[in-house]
Amino acid sequence: MLPEYGDHVVAIVMGDEWSQIPAYVDRVLVTFKCYGIYPRLGVRPLRRPSYLNMLVFLRHLRVLAHWLPGAFRYGGRYLQRRLQGSAMPPVYDLPLGYGNQLPLPVQPIETRPIDLFFAGSVEQGFPRWLWSPHRWFPSPKRVSRERMLRTLEALQRRFPELRVFVHTNARFVLNALEYGLTEPGEVLDTEAYSRALMDSKICLAPRGTSADTFRLFEGLRYGCVVITERLPARWFYRNAPVVQIDDWRELHRLVPELLGDARRLRELSQAALHWWRSVASEEAIGRWMAERIRERRQQVATASSETVPVG
């Protein structure tokens, strides 16, 4: 529910990983929404079959089950408007942006002391009950992040000189005291998180509950080389300078290649900063939203002038 409706109202929805269609989209001028109104799968379960992709697909089916009632309602109103000769107000995908980050001066990527960075939660422990569905079908977030952490541990054993920063609810590695941490599970405050990320060459951005993650935007904002899983088809990801992978075990090949190629690191870092400034920064998104609002207002004005009776 909104306090009021009409062509003077612009709705902005920041949350909702279920991609629900708000009931009021046809009663406002335009809606901007993180995660969009169409659930996006992202992974390729048929082309790249795996246990993780199967779990992602099962969660996608669950999201679709929640999404369908609103989709039918939206479809009915869309058809009604078309029969009346009018258009449905648009709903635009909005980037998540950053969530836990300070505006630090950008550090040249070749001077950053940390090679690989990840900070975030990982679900711990299996349900006690044997018949619990969560025991046999854990969340994609848990499976993805645990697989990533196992790969990092293997990389650290293979390359002892590799400087890895990992902070989760169970562990941390490398220079924890430098960032104010004294024990695993201690929460990274905004300053410590920001300093550690700015000190990092490569930012790992595994999926969470959905494929969209704040960490991707935070890494690109700081000019990090971002490695992430397959991203959903959203307009702002189209030319994002990230390295997309199908399996975290690809890090065994990618990490030595990237860290051994200073030129490519610099190019990806500069591309990340350019992408952030031109696509996802506050200024860029503000201009993009203003343009969409102007377009919609012109459509409404044109439709109103065409329906005004003459004489």
# chains A, B, ... in the order shown; residues from 1 in each chain; ligands from 1
>>> residues_around(residues="region 250-253 of chain A", least_positions_apart="2", cutoff="12 Å", atoms="only C-alpha atoms", output="VMD selection string")
chain A and resid 116 147 to 159 202 204 227 to 229 243 to 248 255 to 260
>>> write_last_selection(atoms="C-alpha atoms", output="JSON list (two decimals), in the first residue's frame")
[["chain", "number", "residue", "atom", "x", "y", "z"],
["A", 116, "LEU", "CA", 41.67, -12.18, -2.98],
["A", 147, "ARG", "CA", 32.42, -24.46, -2.44],
["A", 148, "MET", "CA", 34.14, -21.10, -2.94],
["A", 149, "LEU", "CA", 35.77, -21.28, 0.50],
["A", 150, "ARG", "CA", 37.03, -24.82, -0.10],
["A", 151, "THR", "CA", 38.56, -23.66, -3.38],
["A", 152, "LEU", "CA", 40.25, -20.73, -1.63],
["A", 153, "GLU", "CA", 41.72, -23.05, 0.99],
["A", 154, "ALA", "CA", 43.07, -25.30, -1.77],
["A", 155, "LEU", "CA", 44.54, -22.29, -3.58],
["A", 156, "GLN", "CA", 46.21, -21.09, -0.37],
["A", 157, "ARG", "CA", 47.84, -24.51, 0.09],
["A", 158, "ARG", "CA", 48.95, -24.57, -3.54],
["A", 159, "PHE", "CA", 50.26, -20.99, -3.46],
["A", 202, "ILE", "CA", 40.21, -9.38, -6.71],
["A", 204, "LEU", "CA", 34.83, -12.55, -5.00],
["A", 227, "ILE", "CA", 34.68, -12.61, -10.09],
["A", 228, "THR", "CA", 31.08, -13.72, -9.80],
["A", 229, "GLU", "CA", 28.67, -16.44, -10.82],
["A", 243, "VAL", "CA", 34.52, -12.23, -14.76],
["A", 244, "GLN", "CA", 31.57, -14.64, -14.76],
["A", 245, "ILE", "CA", 32.13, -18.30, -13.91],
["A", 246, "ASP", "CA", 30.02, -21.46, -13.78],
["A", 247, "ASP", "CA", 31.96, -23.16, -11.00],
["A", 248, "TRP", "CA", 34.19, -21.77, -8.23],
["A", 255, "VAL", "CA", 43.56, -16.55, -10.14],
["A", 256, "PRO", "CA", 47.10, -17.36, -11.36],
["A", 257, "GLU", "CA", 46.22, -15.96, -14.82],
["A", 258, "LEU", "CA", 44.85, -12.69, -13.46],
["A", 259, "LEU", "CA", 47.50, -12.08, -10.83],
["A", 260, "GLY", "CA", 50.22, -12.90, -13.35]]
>>> residues_around(residues="region 42-56 of chain A", least_positions_apart="4", cutoff="9 Å", atoms="only C-alpha atoms", output="PyMOL selection string")
chain A and resi 60-61+137-141+143-144+210-211+229-233+246-247
>>> residues_around(residues="Val91 (chain A)", least_positions_apart="3", cutoff="8 Å", atoms="only C-alpha atoms", output="ChimeraX atom specification")
/A:25,30-33,36-37
>>> write_last_selection(atoms="all heavy atoms", output="compact mmCIF listing (two decimals), in the first residue's frame")
# COMPACT_ATOMS: atom_id res chain seq x y z
N VAL A 25 1.26 -1.01 -9.35
CA VAL A 25 2.06 -0.52 -10.48
C VAL A 25 1.22 0.20 -11.53
O VAL A 25 1.74 1.06 -12.26
CB VAL A 25 2.86 -1.67 -11.14
CG1 VAL A 25 3.91 -2.20 -10.20
CG2 VAL A 25 1.93 -2.78 -11.62
N VAL A 30 5.32 5.67 -12.55
CA VAL A 30 6.35 4.72 -12.93
C VAL A 30 6.88 4.07 -11.66
O VAL A 30 6.83 4.67 -10.58
CB VAL A 30 7.48 5.41 -13.73
CG1 VAL A 30 8.15 6.47 -12.88
CG2 VAL A 30 8.51 4.42 -14.24
N THR A 31 7.37 2.85 -11.77
CA THR A 31 7.94 2.13 -10.63
C THR A 31 9.37 1.71 -10.95
O THR A 31 9.64 1.18 -12.04
CB THR A 31 7.10 0.88 -10.29
OG1 THR A 31 5.76 1.26 -9.99
CG2 THR A 31 7.69 0.13 -9.09
N PHE A 32 10.27 1.95 -10.00
CA PHE A 32 11.65 1.46 -10.09
C PHE A 32 11.83 0.41 -9.00
O PHE A 32 11.46 0.64 -7.85
CB PHE A 32 12.65 2.59 -9.88
CG PHE A 32 12.58 3.67 -10.92
CD1 PHE A 32 11.84 4.81 -10.71
CD2 PHE A 32 13.26 3.53 -12.12
CE1 PHE A 32 11.78 5.81 -11.67
CE2 PHE A 32 13.21 4.52 -13.09
CZ PHE A 32 12.46 5.66 -12.86
N LYS A 33 12.40 -0.74 -9.36
CA LYS A 33 12.40 -1.84 -8.40
C LYS A 33 13.68 -2.66 -8.51
O LYS A 33 14.04 -3.16 -9.58
CB LYS A 33 11.19 -2.74 -8.67
CG LYS A 33 10.97 -3.84 -7.65
CD LYS A 33 9.66 -4.56 -7.95
CE LYS A 33 9.39 -5.60 -6.88
NZ LYS A 33 10.40 -6.68 -6.90
N GLY A 36 13.72 -6.40 -9.99
CA GLY A 36 12.76 -6.43 -11.08
C GLY A 36 11.44 -7.08 -10.72
O GLY A 36 11.16 -7.38 -9.55
N ILE A 37 10.62 -7.31 -11.73
CA ILE A 37 9.32 -7.98 -11.53
C ILE A 37 9.23 -9.29 -12.29
O ILE A 37 8.17 -9.91 -12.35
CB ILE A 37 8.14 -7.07 -11.93
CG1 ILE A 37 8.22 -6.68 -13.42
CG2 ILE A 37 8.08 -5.83 -11.05
CD1 ILE A 37 6.97 -6.01 -13.94
>>> atom_distance(atom1="CA of Ala240 (chain A)", atom2="CA of Thr111 (chain A)")
23.6 Å
>>> closest_residue(among="A:Tyr237, A:Tyr193, A:Phe217, A:Tyr5", to="Trp276 (chain A)", atoms="only C-alpha atoms")
A:Phe217
>>> closest_residue(among="A:Glu191, A:Glu110, A:Asp93, A:Asp26", to="Gly75 (chain A)", atoms="only C-alpha atoms")
A:Asp26
>>> select_by_dssp(residues="region 225-305 of chain A", states="strand (DSSP E or B)", output="list of chain:residue names")
A:Val225, A:Val226, A:Ile227, A:Thr228, A:Glu229, A:Val243, A:Gln244, A:Ile245
>>> write_last_selection(atoms="C-alpha atoms", output="tab-separated table (two decimals), in the first residue's frame")
chain	number	residue	atom	x	y	z
A	225	VAL	CA	38.47	-7.19	-10.44
A	226	VAL	CA	35.17	-8.86	-9.62
A	227	ILE	CA	34.68	-12.61	-10.09
A	228	THR	CA	31.08	-13.72	-9.80
A	229	GLU	CA	28.67	-16.44	-10.82
A	243	VAL	CA	34.52	-12.23	-14.76
A	244	GLN	CA	31.57	-14.64	-14.76
A	245	ILE	CA	32.13	-18.30	-13.91
>>> select_by_dssp(residues="region 29-242 of chain A", states="helix (DSSP H, G or I)", output="number ranges by chain")
A: 51-83, 109-111, 133-136, 140-158, 177-179, 190-198, 214-221, 235-237
>>> decode(residues="region 140-156 of chain A", atoms="N, CA, C and O atoms", output="CSV table (one decimal), in the first residue's frame")
chain,number,residue,atom,x,y,z
A,140,PRO,N,21.1,-22.6,-2.2
A,140,PRO,CA,22.2,-22.3,-3.2
A,140,PRO,C,23.2,-21.4,-2.6
A,140,PRO,O,24.4,-21.6,-2.9
A,141,LYS,N,22.9,-20.5,-1.7
A,141,LYS,CA,23.8,-19.6,-1.1
A,141,LYS,C,24.9,-20.4,-0.3
A,141,LYS,O,26.1,-20.2,-0.5
A,142,ARG,N,24.4,-21.3,0.5
A,142,ARG,CA,25.3,-22.1,1.3
A,142,ARG,C,26.2,-22.9,0.5
A,142,ARG,O,27.4,-23.0,0.7
A,143,VAL,N,25.6,-23.6,-0.5
A,143,VAL,CA,26.5,-24.5,-1.3
A,143,VAL,C,27.5,-23.8,-2.1
A,143,VAL,O,28.7,-24.1,-2.2
A,144,SER,N,27.1,-22.6,-2.7
A,144,SER,CA,28.0,-21.8,-3.5
A,144,SER,C,29.2,-21.3,-2.6
A,144,SER,O,30.3,-21.4,-3.0
A,145,ARG,N,28.8,-20.7,-1.5
A,145,ARG,CA,29.9,-20.1,-0.7
A,145,ARG,C,30.8,-21.1,0.0
A,145,ARG,O,32.0,-20.9,0.1
A,146,GLU,N,30.3,-22.3,0.4
A,146,GLU,CA,31.1,-23.3,0.9
A,146,GLU,C,32.1,-23.8,-0.1
A,146,GLU,O,33.2,-24.1,0.1
A,147,ARG,N,31.6,-24.0,-1.3
A,147,ARG,CA,32.4,-24.5,-2.4
A,147,ARG,C,33.5,-23.4,-2.7
A,147,ARG,O,34.7,-23.8,-3.0
A,148,MET,N,33.1,-22.2,-2.7
A,148,MET,CA,34.1,-21.1,-2.9
A,148,MET,C,35.2,-21.1,-1.9
A,148,MET,O,36.4,-21.0,-2.2
A,149,LEU,N,34.8,-21.3,-0.6
A,149,LEU,CA,35.8,-21.3,0.5
A,149,LEU,C,36.7,-22.5,0.4
A,149,LEU,O,37.9,-22.4,0.7
A,150,ARG,N,36.2,-23.6,0.1
A,150,ARG,CA,37.0,-24.8,-0.1
A,150,ARG,C,38.1,-24.6,-1.2
A,150,ARG,O,39.2,-25.0,-1.1
A,151,THR,N,37.6,-24.0,-2.3
A,151,THR,CA,38.6,-23.7,-3.4
A,151,THR,C,39.6,-22.7,-2.9
A,151,THR,O,40.8,-22.8,-3.3
A,152,LEU,N,39.3,-21.7,-2.1
A,152,LEU,CA,40.2,-20.7,-1.6
A,152,LEU,C,41.3,-21.4,-0.7
A,152,LEU,O,42.5,-21.1,-0.8
A,153,GLU,N,40.8,-22.3,0.1
A,153,GLU,CA,41.7,-23.1,1.0
A,153,GLU,C,42.7,-23.9,0.2
A,153,GLU,O,43.9,-24.0,0.5
A,154,ALA,N,42.2,-24.5,-0.9
A,154,ALA,CA,43.1,-25.3,-1.8
A,154,ALA,C,44.1,-24.4,-2.5
A,154,ALA,O,45.3,-24.8,-2.6
A,155,LEU,N,43.6,-23.2,-2.9
A,155,LEU,CA,44.5,-22.3,-3.6
A,155,LEU,C,45.6,-21.8,-2.6
A,155,LEU,O,46.8,-21.7,-3.0
A,156,GLN,N,45.2,-21.6,-1.4
A,156,GLN,CA,46.2,-21.1,-0.4
A,156,GLN,C,47.3,-22.2,-0.1
A,156,GLN,O,48.4,-21.8,0.1
